[in-house]
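Have a look at target25.cif below; it lists mmCIF, C-alpha atoms.
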```cif
data_work
#
loop_
_atom_site.label_atom_id
_atom_site.label_comp_id
_atom_site.auth_asym_id
_atom_site.auth_seq_id
_atom_site.Cartn_x
_atom_site.Cartn_y
_atom_site.Cartn_z
CA MET A 1 94.98 103.01 104.57
CA SER A 2 92.41 102.32 101.90
CA THR A 3 93.39 101.39 98.37
CA SER A 4 91.95 104.63 96.99
CA ARG A 5 94.02 106.61 99.46
CA ARG A 6 97.18 104.90 98.33
CA GLN A 7 96.19 105.33 94.72
CA PHE A 8 96.13 109.06 95.14
CA LEU A 9 99.89 109.05 95.45
CA GLN A 10 99.87 108.49 91.71
CA TYR A 11 98.28 111.89 91.29
CA SER A 12 100.97 113.44 93.47
CA VAL A 13 103.80 111.94 91.43
CA ALA A 14 102.24 112.96 88.16
CA ALA A 15 101.56 116.44 89.43
CA ALA A 16 105.13 117.01 90.53
CA SER A 17 106.47 116.77 87.00
CA MET A 18 104.15 119.49 85.74
CA LEU A 19 104.89 122.19 88.24
CA THR A 20 107.27 125.11 88.30
CA LEU A 21 108.93 126.62 91.32
CA SER A 22 107.56 130.05 92.11
CA LYS A 23 109.89 131.15 94.87
CA ALA A 24 113.51 130.99 95.88
CA ALA A 25 114.83 128.15 97.96
CA GLU A 26 114.31 129.63 101.39
CA ALA A 27 110.74 130.48 100.45
CA ALA A 28 110.02 126.85 99.67
CA ALA A 29 108.66 126.41 103.19
CA PRO A 30 106.97 129.55 104.55
CA LYS A 31 107.89 130.86 107.96
CA SER A 32 106.64 128.91 110.94
CA SER A 33 104.73 130.46 113.76
CA LYS A 34 107.49 129.23 116.04
CA ASP A 35 110.72 131.02 116.83
CA LYS A 36 112.93 130.36 113.81
CA ASP A 37 115.93 132.14 115.33
CA SER A 38 116.47 129.68 118.19
CA ARG A 39 119.62 127.62 117.78
CA ALA A 40 120.37 124.07 118.82
CA ALA A 41 122.74 123.73 121.74
CA ALA A 42 124.84 121.24 119.78
CA PRO A 43 124.71 121.68 115.99
CA LYS A 44 124.75 118.44 114.03
CA LYS A 45 125.76 117.23 110.59
CA LEU A 46 122.60 115.96 108.90
CA LEU A 47 122.18 113.97 105.72
CA VAL A 48 118.79 114.25 104.03
CA LEU A 49 118.01 111.56 101.48
CA GLY A 50 115.83 113.38 98.98
CA GLY A 51 115.29 116.92 100.20
CA THR A 52 113.80 118.70 97.19
CA GLY A 53 110.21 117.47 97.05
CA PHE A 54 107.64 118.57 99.66
CA LEU A 55 108.70 117.44 103.12
CA GLY A 56 112.41 117.55 102.28
CA PRO A 57 112.69 121.32 101.78
CA ALA A 58 110.75 121.93 104.98
CA VAL A 59 113.22 119.69 106.84
CA VAL A 60 116.18 121.53 105.32
CA ASN A 61 114.74 124.90 106.33
CA ALA A 62 113.95 123.72 109.85
CA ALA A 63 117.38 122.17 110.34
CA ARG A 64 119.28 125.18 109.06
CA ALA A 65 117.19 127.51 111.21
CA ARG A 66 118.45 125.55 114.21
CA GLY A 67 122.08 125.88 113.11
CA HIS A 68 122.60 122.38 111.74
CA THR A 69 124.70 121.61 108.67
CA VAL A 70 122.77 119.81 105.94
CA THR A 71 123.91 117.63 103.05
CA LEU A 72 121.47 116.38 100.42
CA PHE A 73 121.67 113.11 98.51
CA ASN A 74 119.41 112.68 95.50
CA ARG A 75 119.42 112.23 91.73
CA GLY A 76 119.54 115.96 91.07
CA LYS A 77 116.40 115.82 88.93
CA THR A 78 113.69 117.33 91.14
CA ARG A 79 114.04 121.09 91.61
CA PRO A 80 117.86 121.09 91.52
CA GLU A 81 117.83 124.88 91.88
CA LEU A 82 116.78 124.61 95.51
CA PHE A 83 119.32 125.42 98.22
CA PRO A 84 122.28 126.53 96.09
CA ASP A 85 124.46 126.93 99.20
CA VAL A 86 123.81 123.41 100.55
CA GLU A 87 126.15 120.51 99.78
CA LYS A 88 124.55 118.14 97.27
CA LEU A 89 125.64 114.61 96.56
CA HIS A 90 124.20 112.90 93.50
CA GLY A 91 123.47 109.25 92.96
CA ASP A 92 120.60 106.79 93.10
CA ARG A 93 118.85 105.03 95.96
CA ASP A 94 119.09 101.87 93.88
CA PRO A 95 122.73 100.68 94.12
CA LYS A 96 122.23 98.87 90.81
CA LYS A 97 121.59 102.10 88.91
CA GLY A 98 124.31 104.48 87.74
CA GLU A 99 126.66 105.49 90.53
CA GLY A 100 124.20 104.21 93.11
CA LEU A 101 125.24 105.18 96.65
CA LYS A 102 128.89 105.70 95.79
CA ALA A 103 128.82 109.39 96.76
CA LEU A 104 127.98 108.39 100.34
CA GLU A 105 130.91 106.03 100.78
CA GLY A 106 133.21 107.10 103.59
CA ARG A 107 131.02 110.00 104.65
CA SER A 108 130.07 110.48 108.30
CA PHE A 109 127.00 112.22 109.71
CA ASP A 110 125.37 112.59 113.07
CA ALA A 111 121.97 111.65 111.67
CA VAL A 112 120.11 110.80 108.48
CA ILE A 113 116.56 111.80 107.61
CA ASP A 114 115.23 109.55 104.87
CA ASP A 115 112.10 110.96 103.25
CA CYS A 116 112.28 109.07 99.95
CA GLY A 117 112.52 105.39 100.87
CA TYR A 118 109.88 103.19 99.25
CA PHE A 119 111.49 99.81 98.59
CA PRO A 120 113.17 97.75 101.32
CA ARG A 121 116.08 96.59 99.16
CA MET A 122 117.12 100.21 98.65
CA VAL A 123 116.59 101.21 102.27
CA LYS A 124 118.65 98.18 103.28
CA ALA A 125 121.45 99.31 100.97
CA SER A 126 121.59 102.85 102.37
CA THR A 127 121.30 101.87 106.02
CA GLU A 128 123.94 99.15 105.79
CA LEU A 129 126.34 101.50 104.00
CA LEU A 130 125.82 104.31 106.48
CA ALA A 131 125.53 102.25 109.69
CA PRO A 132 129.25 102.45 110.62
CA HIS A 133 129.31 106.21 110.05
CA VAL A 134 125.93 107.43 111.33
CA LYS A 135 124.55 107.53 114.86
CA HIS A 136 120.85 107.92 114.10
CA TYR A 137 118.55 107.09 111.15
CA VAL A 138 115.12 108.68 110.84
CA PHE A 139 112.88 106.95 108.31
CA ILE A 140 109.70 108.61 107.08
CA SER A 141 107.19 105.82 106.83
CA SER A 142 103.39 106.16 106.72
CA VAL A 143 100.25 105.20 108.59
CA SER A 144 99.72 103.01 105.53
CA ALA A 145 102.14 100.64 107.25
CA TYR A 146 99.25 99.48 109.42
CA ALA A 147 97.22 96.44 108.43
CA ASN A 148 93.95 98.34 108.16
CA ASP A 149 92.01 101.44 109.20
CA LYS A 150 89.05 99.73 110.83
CA THR A 151 89.69 100.48 114.50
CA PRO A 152 89.65 104.01 116.00
CA ASN A 153 92.32 105.25 118.40
CA GLU A 154 94.92 102.60 117.68
CA ASP A 155 98.50 103.43 118.67
CA GLU A 156 101.88 102.28 117.36
CA SER A 157 101.30 98.72 118.60
CA ALA A 158 98.53 98.08 116.06
CA PRO A 159 99.00 95.23 113.55
CA THR A 160 101.01 96.17 110.49
CA ALA A 161 100.64 95.38 106.80
CA LYS A 162 102.22 92.27 105.32
CA LEU A 163 103.03 91.37 101.73
CA ALA A 164 102.67 87.91 100.25
CA ASP A 165 105.80 88.64 98.22
CA PRO A 166 108.27 90.76 100.22
CA THR A 167 110.56 91.13 97.20
CA VAL A 168 108.01 93.00 95.09
CA GLU A 169 109.32 96.32 93.75
CA THR A 170 106.19 97.90 92.39
CA MET A 171 103.48 99.81 94.21
CA GLY A 172 100.81 97.81 92.39
CA LYS A 173 98.11 98.98 90.02
CA ASP A 174 96.13 100.59 92.84
CA PHE A 175 99.09 101.19 95.18
CA GLU A 176 97.99 98.13 97.13
CA PHE A 177 101.60 97.27 98.04
CA TYR A 178 102.50 100.73 99.32
CA GLY A 179 101.80 100.12 103.02
CA GLY A 180 103.45 96.71 103.13
CA LEU A 181 106.53 98.09 101.41
CA LYS A 182 106.78 100.93 103.91
CA ARG A 183 106.62 98.44 106.76
CA LEU A 184 109.39 96.35 105.18
CA CYS A 185 111.47 99.51 104.80
CA GLU A 186 111.07 100.16 108.52
CA GLU A 187 112.27 96.63 109.27
CA ALA A 188 115.23 96.97 106.92
CA ALA A 189 116.40 100.13 108.64
CA GLU A 190 116.05 98.64 112.12
CA ALA A 191 117.88 95.47 111.07
CA ALA A 192 120.87 97.47 109.85
CA MET A 193 120.94 99.91 112.78
CA PRO A 194 119.16 98.25 115.73
CA GLY A 195 118.18 100.68 118.45
CA ARG A 196 119.28 103.68 116.39
CA VAL A 197 116.24 104.09 114.12
CA THR A 198 113.16 106.29 114.35
CA ASN A 199 110.27 105.13 112.18
CA VAL A 200 107.89 108.05 111.73
CA ARG A 201 104.38 107.31 110.45
CA PRO A 202 102.62 110.46 109.23
CA GLY A 203 99.14 110.52 107.77
CA TYR A 204 98.24 113.34 105.41
CA ILE A 205 101.01 115.94 105.22
CA VAL A 206 99.58 119.28 104.12
CA GLY A 207 100.41 122.96 103.81
CA PRO A 208 102.18 125.36 101.46
CA GLU A 209 104.04 123.69 98.58
CA ASP A 210 101.82 120.59 98.70
CA ARG A 211 101.71 119.76 95.01
CA SER A 212 99.14 116.99 95.39
CA ASP A 213 96.39 119.59 96.02
CA ARG A 214 94.64 117.21 98.40
CA PHE A 215 94.13 119.56 101.35
CA THR A 216 94.53 122.62 99.16
CA TYR A 217 91.29 121.75 97.35
CA TRP A 218 89.14 122.76 100.31
CA PRO A 219 90.29 126.37 100.88
CA VAL A 220 90.62 126.95 97.13
CA ARG A 221 87.16 125.60 96.39
CA PHE A 222 85.60 127.54 99.27
CA ASP A 223 87.30 130.71 98.08
CA GLN A 224 85.73 130.28 94.63
CA GLY A 225 82.27 130.75 96.12
CA GLY A 226 78.92 129.52 94.84
CA GLU A 227 77.45 126.26 96.09
CA MET A 228 79.89 123.54 97.06
CA ILE A 229 79.60 119.97 98.24
CA ALA A 230 80.86 119.04 101.67
CA PRO A 231 80.93 115.27 102.18
CA GLY A 232 79.34 113.27 104.96
CA ASN A 233 78.70 115.02 108.27
CA PRO A 234 80.47 118.07 109.71
CA SER A 235 81.63 115.90 112.63
CA ASP A 236 83.42 113.33 110.45
CA PRO A 237 87.00 113.19 111.82
CA LEU A 238 90.03 114.45 109.95
CA GLN A 239 93.73 114.13 110.75
CA VAL A 240 96.36 116.18 108.96
CA ILE A 241 99.77 117.58 109.87
CA ASP A 242 101.29 120.78 108.58
CA VAL A 243 104.52 119.98 106.74
CA ARG A 244 106.34 122.65 108.75
CA ASP A 245 105.26 121.16 112.07
CA LEU A 246 106.39 117.72 110.98
CA ALA A 247 109.73 119.03 109.73
CA GLU A 248 110.45 120.94 112.92
CA TRP A 249 109.61 117.88 115.00
CA LEU A 250 111.88 115.67 112.89
CA VAL A 251 114.73 118.04 113.71
CA HIS A 252 113.70 117.83 117.38
CA VAL A 253 113.82 114.03 117.11
CA VAL A 254 117.38 114.22 115.80
CA GLU A 255 118.51 116.73 118.40
CA ASN A 256 117.17 114.57 121.21
CA ASN A 257 118.12 111.21 119.70
CA LEU A 258 114.56 109.90 119.99
CA THR A 259 114.14 106.40 118.60
CA GLY A 260 111.24 104.00 118.12
CA VAL A 261 107.96 104.25 116.22
CA TYR A 262 105.72 107.32 116.24
CA ASN A 263 102.40 108.23 114.67
CA ALA A 264 103.02 111.76 113.41
CA VAL A 265 99.39 112.74 112.96
CA GLY A 266 97.50 115.81 114.06
CA PRO A 267 96.19 118.27 114.96
CA ALA A 268 96.58 118.31 118.73
CA GLN A 269 92.83 118.12 119.32
CA PRO A 270 90.43 116.05 117.21
CA TRP A 271 89.50 117.92 114.04
CA SER A 272 86.75 117.34 111.49
CA ILE A 273 85.74 118.06 107.93
CA GLY A 274 83.38 120.62 109.41
CA GLY A 275 86.37 122.23 111.08
CA VAL A 276 88.04 122.50 107.69
CA ILE A 277 85.01 124.28 106.26
CA ASP A 278 84.81 126.61 109.27
CA ALA A 279 88.49 127.49 108.90
CA CYS A 280 87.99 128.16 105.19
CA ARG A 281 85.10 130.50 106.01
CA GLN A 282 87.19 132.32 108.62
CA VAL A 283 90.16 132.72 106.27
CA THR A 284 88.32 133.72 103.11
CA GLY A 285 85.42 135.70 104.54
CA LYS A 286 83.29 134.28 101.72
CA ASP A 287 79.60 133.37 102.03
CA THR A 288 80.01 130.17 100.03
CA LYS A 289 76.93 127.96 100.29
CA VAL A 290 77.95 124.62 101.75
CA THR A 291 75.70 121.65 101.00
CA TRP A 292 76.38 118.59 103.14
CA VAL A 293 75.81 115.43 101.13
CA PRO A 294 75.64 112.07 102.98
CA ALA A 295 78.32 109.48 102.39
CA GLU A 296 75.72 106.92 101.30
CA PHE A 297 74.48 109.16 98.49
CA LEU A 298 78.00 109.96 97.35
CA GLU A 299 79.00 106.31 97.28
CA LYS A 300 75.82 105.37 95.42
CA ASN A 301 76.86 107.89 92.78
CA GLY A 302 80.45 106.68 92.50
CA GLU A 303 82.20 109.05 94.89
CA LYS A 304 83.82 107.23 97.81
CA GLY A 305 85.98 110.09 98.97
CA ASP A 306 89.74 110.48 99.39
CA VAL A 307 90.52 111.59 95.82
CA THR A 308 87.63 113.51 94.31
CA LEU A 309 86.61 114.46 97.85
CA PRO A 310 90.20 114.53 99.07
CA ILE A 311 91.37 113.41 102.48
CA TRP A 312 87.83 112.87 103.81
CA MET A 313 86.72 109.30 104.37
CA PRO A 314 83.50 108.16 106.04
CA PRO A 315 84.12 107.04 109.66
CA THR A 316 82.44 103.70 109.05
CA GLY A 317 83.41 100.19 108.00
CA ASP A 318 86.92 99.79 106.62
CA THR A 319 87.75 103.49 107.17
CA LYS A 320 86.25 103.93 110.63
CA GLY A 321 89.64 104.57 112.20
CA ALA A 322 91.43 106.16 109.25
CA HIS A 323 91.41 109.65 110.80
CA LEU A 324 91.52 108.53 114.43
CA ARG A 325 95.07 107.26 115.01
CA SER A 326 96.52 107.98 118.42
CA ASN A 327 99.29 110.61 118.42
CA ALA A 328 99.82 110.53 122.18
CA LYS A 329 103.33 109.08 121.97
CA ALA A 330 104.55 111.69 119.46
CA VAL A 331 102.95 114.55 121.40
CA LYS A 332 104.67 113.35 124.56
CA ALA A 333 107.90 113.32 122.54
CA GLY A 334 107.52 116.99 121.64
CA LEU A 335 105.35 117.07 118.51
CA LYS A 336 103.55 120.42 118.37
CA PHE A 337 100.97 121.85 116.00
CA ARG A 338 100.24 125.35 114.79
CA PRO A 339 96.58 126.46 114.66
CA THR A 340 94.85 124.73 111.76
CA VAL A 341 93.45 128.04 110.57
CA ASP A 342 97.06 129.14 109.98
CA THR A 343 97.61 126.11 107.75
CA VAL A 344 94.47 126.94 105.78
CA ARG A 345 95.49 130.58 105.42
CA ASP A 346 99.07 129.87 104.39
CA THR A 347 98.08 127.12 101.97
CA LEU A 348 95.55 129.33 100.20
CA ALA A 349 98.02 132.23 100.05
CA TRP A 350 100.68 129.96 98.56
CA PHE A 351 98.31 128.61 95.93
CA LYS A 352 97.14 132.08 94.92
CA ASP A 353 100.77 133.07 94.40
CA GLN A 354 101.34 130.32 91.82
CA PRO A 355 101.41 131.09 88.08
CA GLN A 356 98.03 131.05 86.38
CA GLU A 357 98.87 127.92 84.39
CA ARG A 358 99.56 126.11 87.66
CA ARG A 359 96.31 127.29 89.22
CA ASP A 360 94.44 126.11 86.14
CA LYS A 361 95.81 122.57 86.57
CA PHE A 362 94.29 121.42 89.82
CA HIS A 363 95.12 117.82 90.72
CA ALA A 364 92.53 116.87 93.32
CA GLY A 365 88.88 117.27 94.12
CA LEU A 366 85.69 117.37 92.11
CA THR A 367 85.65 119.21 88.84
CA ARG A 368 83.05 121.96 88.82
CA LYS A 369 81.07 120.06 86.20
CA ARG A 370 81.00 116.91 88.32
CA GLU A 371 80.12 118.87 91.44
CA GLU A 372 77.20 120.51 89.65
CA GLU A 373 75.98 117.11 88.47
CA LEU A 374 76.06 115.71 91.99
CA LEU A 375 74.35 118.76 93.45
CA ALA A 376 71.58 118.50 90.84
CA LEU A 377 71.08 114.83 91.69
CA TRP A 378 71.06 115.52 95.41
CA HIS A 379 68.57 118.37 95.16
CA ALA A 380 66.37 116.31 92.85
CA GLU A 381 66.34 113.50 95.37
CA GLY A 382 65.40 115.94 98.11
CA GLN A 383 62.54 117.33 96.08
CA LYS A 384 61.32 113.81 95.31
CA ALA A 385 61.39 112.94 99.01
CA ALA A 386 59.57 116.14 99.91
CA SER A 387 56.95 115.48 97.27
CA GLY A 388 56.42 111.95 98.50
CA SER A 389 56.05 113.04 102.12
CA GLY A 390 53.42 115.57 101.12
CA LYS A 391 51.02 112.96 99.73
#
```
Now that the file is in, can you turn its structure into structure tokens?
Amino acid sequence: MSTSRRQFLQYSVAAASMLTLSKAAEAAAPKSSKDKDSRAAAPKKLLVLGGTGFLGPAVVNAARARGHTVTLFNRGKTRPELFPDVEKLHGDRDPKKGEGLKALEGRSFDAVIDDCGYFPRMVKASTELLAPHVKHYVFISSVSAYANDKTPNEDESAPTAKLADPTVETMGKDFEFYGGLKRLCEEAAEAAMPGRVTNVRPGYIVGPEDRSDRFTYWPVRFDQGGEMIAPGNPSDPLQVIDVRDLAEWLVHVVENNLTGVYNAVGPAQPWSIGGVIDACRQVTGKDTKVTWVPAEFLEKNGEKGDVTLPIWMPPTGDTKGAHLRSNAKAVKAGLKFRPTVDTVRDTLAWFKDQPQERRDKFHAGLTRKREEELLALWHAEGQKAASGSGK
């Protein structure tokens, strides 16, 4: 994963502190297109480490829909009003802070889903404490755990990131340590519970309740109308996974005791930035004018993608394989995807339902002023080229 892609996580963290919850707990993750009334044959006791951010609530909803009992462990600071009827244990992932993991001592669970592990020392502490009392540990890692994004179609056997200092406990100024730390977290979990760990490596997780606004930018911007920039070429690849699809598959992983490493990326068939735009057009019905601007021009003018042109990255050079990871192993293991147009529709509907002050504080994408500047430069360059060719 590129440095700029990691850096965007900073925007996500900052955004989270400024938002308000607009719906009740069970509305935190909108209904899936799948049958939510089906029950697991053997209900389990699940511990979710975290559980109140973005992926966590979707996991809780998916697990409860299948009849499982869920317990949350977190600091009680992020959206504590969620899930008032779910058992909540409070503490800190860092055993050196406050009560640390004390609330988990002596507790037994069938499985753990860890969606908030970032530093190996802390993952080591939780896995070692829980190992005697838990059968299965599911760690949410990231495709950032790979060494680079240069090669298309790599699977789970691809080289992984390494840190010069494995004891570092900072993401780095530009989040340059993020991927290496995730890989070390994977290793810490497996060392404590060998053969009982699932390391899940998602790419971009999107959908309703995504407070980073990365994917949300595209349907929202298209819905605003006028002339908009679309980066690169319509065929440039894009991989995203709806948070609800990921959550439901994580529950499937637990129910079937699936272990190992999986790339949890989607959709099922190769998608593209052009596909995003087409889905936005289908959902909104707007006649927004889309101007495709080449990657070379954007980079020349200081826009490399991923943040101001969120999620998209040019399929060349260091990012040639960024949106082309193989998901064959996860699909074979039951990972399913809803139609991407449904994700676009539900994401836009969720955003429109937010308070006005939230909608006014968008956290990703080009500002309208910057977009207008780039469009003016691009059109001027086209006119100059046309004028030159006419001589």
Which neighbours of A:Lys135 fall inside 8 Å, counting all atoms listed in the file, when residues of the same chain fewer than 3 positions from it are skipped, and could you give them as a list in words? Phe109, Asp110, Ala111, Ala131 and Arg196 of chain A
Find the residue from A:Val134, A:Val307, A:Ala330, A:Cys185 that sits nearest to A:Thr367; use all atoms listed in the file when measuring.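 The answer is A:Val307, which sits nearest to A:Thr367.
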From the set A:Glu372, A:Thr308, A:Arg183, A:Asp174, which residue has the shortest atom-to-atom contact distance to A:Ala161, counting only C-alpha atoms?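 Looking at the shortest contact to A:Ala161, the residue is A:Arg183.
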Can you give me, as a list in words, the residues this file yields under the PyMOL selection byres ((chain A and resi 137) around 6)? Ala111, Val112, His136, Val138 and Val197 of chain A
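When atom CA of A:Ser326 is paired with atom CA of A:Trp249, their separation reads 16.8 Å.
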Using all atoms listed in the file, which of the listed residues (A:Ala247, A:Val265, A:Ile113, A:Ala125) sits closest to A:Asn199?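 Using all atoms listed in the file, the shortest distance to A:Asn199 belongs to A:Ile113.
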Apply the PyMOL selection byres ((chain A and resi 333) around 9) to the displayed file and report the matching residues as a PyMOL selection string. chain A and resi 249+252-253+258+262+328-332+334-335
All residues 10 Å or closer to A:Phe119, only C-alpha atoms, same chain fewer than 3 positions away omitted, as a PyMOL selection string: chain A and resi 93-94+116+122-124+166-171+178+180-186+188
Mind dumping the selected residues with C-alpha atoms as an mmCIF file, keeping the file's coordinate frame?
```
data_model
loop_
_atom_site.group_PDB
_atom_site.id
_atom_site.type_symbol
_atom_site.label_atom_id
_atom_site.label_comp_id
_atom_site.auth_asym_id
_atom_site.auth_seq_id
_atom_site.Cartn_x
_atom_site.Cartn_y
_atom_site.Cartn_z
ATOM 1 C CA ARG A 93 118.850 105.030 95.960
ATOM 2 C CA ASP A 94 119.090 101.870 93.880
ATOM 3 C CA CYS A 116 112.280 109.070 99.950
ATOM 4 C CA MET A 122 117.120 100.210 98.650
ATOM 5 C CA VAL A 123 116.590 101.210 102.270
ATOM 6 C CA LYS A 124 118.650 98.180 103.280
ATOM 7 C CA PRO A 166 108.270 90.760 100.220
ATOM 8 C CA THR A 167 110.560 91.130 97.200
ATOM 9 C CA VAL A 168 108.010 93.000 95.090
ATOM 10 C CA GLU A 169 109.320 96.320 93.750
ATOM 11 C CA THR A 170 106.190 97.900 92.390
ATOM 12 C CA MET A 171 103.480 99.810 94.210
ATOM 13 C CA TYR A 178 102.500 100.730 99.320
ATOM 14 C CA GLY A 180 103.450 96.710 103.130
ATOM 15 C CA LEU A 181 106.530 98.090 101.410
ATOM 16 C CA LYS A 182 106.780 100.930 103.910
ATOM 17 C CA ARG A 183 106.620 98.440 106.760
ATOM 18 C CA LEU A 184 109.390 96.350 105.180
ATOM 19 C CA CYS A 185 111.470 99.510 104.800
ATOM 20 C CA GLU A 186 111.070 100.160 108.520
ATOM 21 C CA ALA A 188 115.230 96.970 106.920
#
```
For the provided coordinates, the residues matched by the PyMOL selection byres ((chain A and resi 313) around 12) should be stated as a PyMOL selection string. chain A and resi 1-5+149-150+230-233+235-239+272-273+294-296+298-299+303-312+314-324
With C-alpha atoms retained, export the selected residues as a PDB file, in the frame of the given file.
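Result file again.pdb:
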```pdb
ATOM      1  CA  MET A   1      94.980 103.010 104.570  1.00  0.00           C
ATOM      2  CA  SER A   2      92.410 102.320 101.900  1.00  0.00           C
ATOM      3  CA  THR A   3      93.390 101.390  98.370  1.00  0.00           C
ATOM      4  CA  SER A   4      91.950 104.630  96.990  1.00  0.00           C
ATOM      5  CA  ARG A   5      94.020 106.610  99.460  1.00  0.00           C
ATOM      6  CA  ASP A 149      92.010 101.440 109.200  1.00  0.00           C
ATOM      7  CA  LYS A 150      89.050  99.730 110.830  1.00  0.00           C
ATOM      8  CA  ALA A 230      80.860 119.040 101.670  1.00  0.00           C
ATOM      9  CA  PRO A 231      80.930 115.270 102.180  1.00  0.00           C
ATOM     10  CA  GLY A 232      79.340 113.270 104.960  1.00  0.00           C
ATOM     11  CA  ASN A 233      78.700 115.020 108.270  1.00  0.00           C
ATOM     12  CA  SER A 235      81.630 115.900 112.630  1.00  0.00           C
ATOM     13  CA  ASP A 236      83.420 113.330 110.450  1.00  0.00           C
ATOM     14  CA  PRO A 237      87.000 113.190 111.820  1.00  0.00           C
ATOM     15  CA  LEU A 238      90.030 114.450 109.950  1.00  0.00           C
ATOM     16  CA  GLN A 239      93.730 114.130 110.750  1.00  0.00           C
ATOM     17  CA  SER A 272      86.750 117.340 111.490  1.00  0.00           C
ATOM     18  CA  ILE A 273      85.740 118.060 107.930  1.00  0.00           C
ATOM     19  CA  PRO A 294      75.640 112.070 102.980  1.00  0.00           C
ATOM     20  CA  ALA A 295      78.320 109.480 102.390  1.00  0.00           C
ATOM     21  CA  GLU A 296      75.720 106.920 101.300  1.00  0.00           C
ATOM     22  CA  LEU A 298      78.000 109.960  97.350  1.00  0.00           C
ATOM     23  CA  GLU A 299      79.000 106.310  97.280  1.00  0.00           C
ATOM     24  CA  GLU A 303      82.200 109.050  94.890  1.00  0.00           C
ATOM     25  CA  LYS A 304      83.820 107.230  97.810  1.00  0.00           C
ATOM     26  CA  GLY A 305      85.980 110.090  98.970  1.00  0.00           C
ATOM     27  CA  ASP A 306      89.740 110.480  99.390  1.00  0.00           C
ATOM     28  CA  VAL A 307      90.520 111.590  95.820  1.00  0.00           C
ATOM     29  CA  THR A 308      87.630 113.510  94.310  1.00  0.00           C
ATOM     30  CA  LEU A 309      86.610 114.460  97.850  1.00  0.00           C
ATOM     31  CA  PRO A 310      90.200 114.530  99.070  1.00  0.00           C
ATOM     32  CA  ILE A 311      91.370 113.410 102.480  1.00  0.00           C
ATOM     33  CA  TRP A 312      87.830 112.870 103.810  1.00  0.00           C
ATOM     34  CA  PRO A 314      83.500 108.160 106.040  1.00  0.00           C
ATOM     35  CA  PRO A 315      84.120 107.040 109.660  1.00  0.00           C
ATOM     36  CA  THR A 316      82.440 103.700 109.050  1.00  0.00           C
ATOM     37  CA  GLY A 317      83.410 100.190 108.000  1.00  0.00           C
ATOM     38  CA  ASP A 318      86.920  99.790 106.620  1.00  0.00           C
ATOM     39  CA  THR A 319      87.750 103.490 107.170  1.00  0.00           C
ATOM     40  CA  LYS A 320      86.250 103.930 110.630  1.00  0.00           C
ATOM     41  CA  GLY A 321      89.640 104.570 112.200  1.00  0.00           C
ATOM     42  CA  ALA A 322      91.430 106.160 109.250  1.00  0.00           C
ATOM     43  CA  HIS A 323      91.410 109.650 110.800  1.00  0.00           C
ATOM     44  CA  LEU A 324      91.520 108.530 114.430  1.00  0.00           C
TER      45      LEU A 324
END
```
Work out where the centre of an axis-aligned box around every listed atom of stretch 308-322 of chain A lies and how long its edges are once 4 Å is added on each side; give both in Å to one decimal as AutoDock Vina command-line options.
```
--center_x 86.9 --center_y 107.2 --center_z 103.3 --size_x 17.0 --size_y 22.7 --size_z 25.9
```
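Each of A:Thr198, A:Ser212, A:Asn263, A:Thr288 was compared to A:Gly225 using all atoms listed in the file, and A:Thr288 turns out to be the nearest.
Picture a line from atom CA of A:Ser157 to atom CA of A:Arg121; it runs 24.5 Å.
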Fewer than 3 positions away in the same chain doesn't count, so skip those; otherwise give me all residues within 12 Å of A:Lys77, counting only C-alpha atoms, as a PyMOL selection string. chain A and resi 16-17+50-53+73-74+80-82+88+90-92
So, with all atoms listed in the file as the atoms that count, which of A:Gln383, A:Arg221, A:Val293, A:Asp342 lies closest to A:Leu366?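 Comparing A:Gln383, A:Arg221, A:Val293, A:Asp342 against A:Leu366, the winner is A:Arg221.
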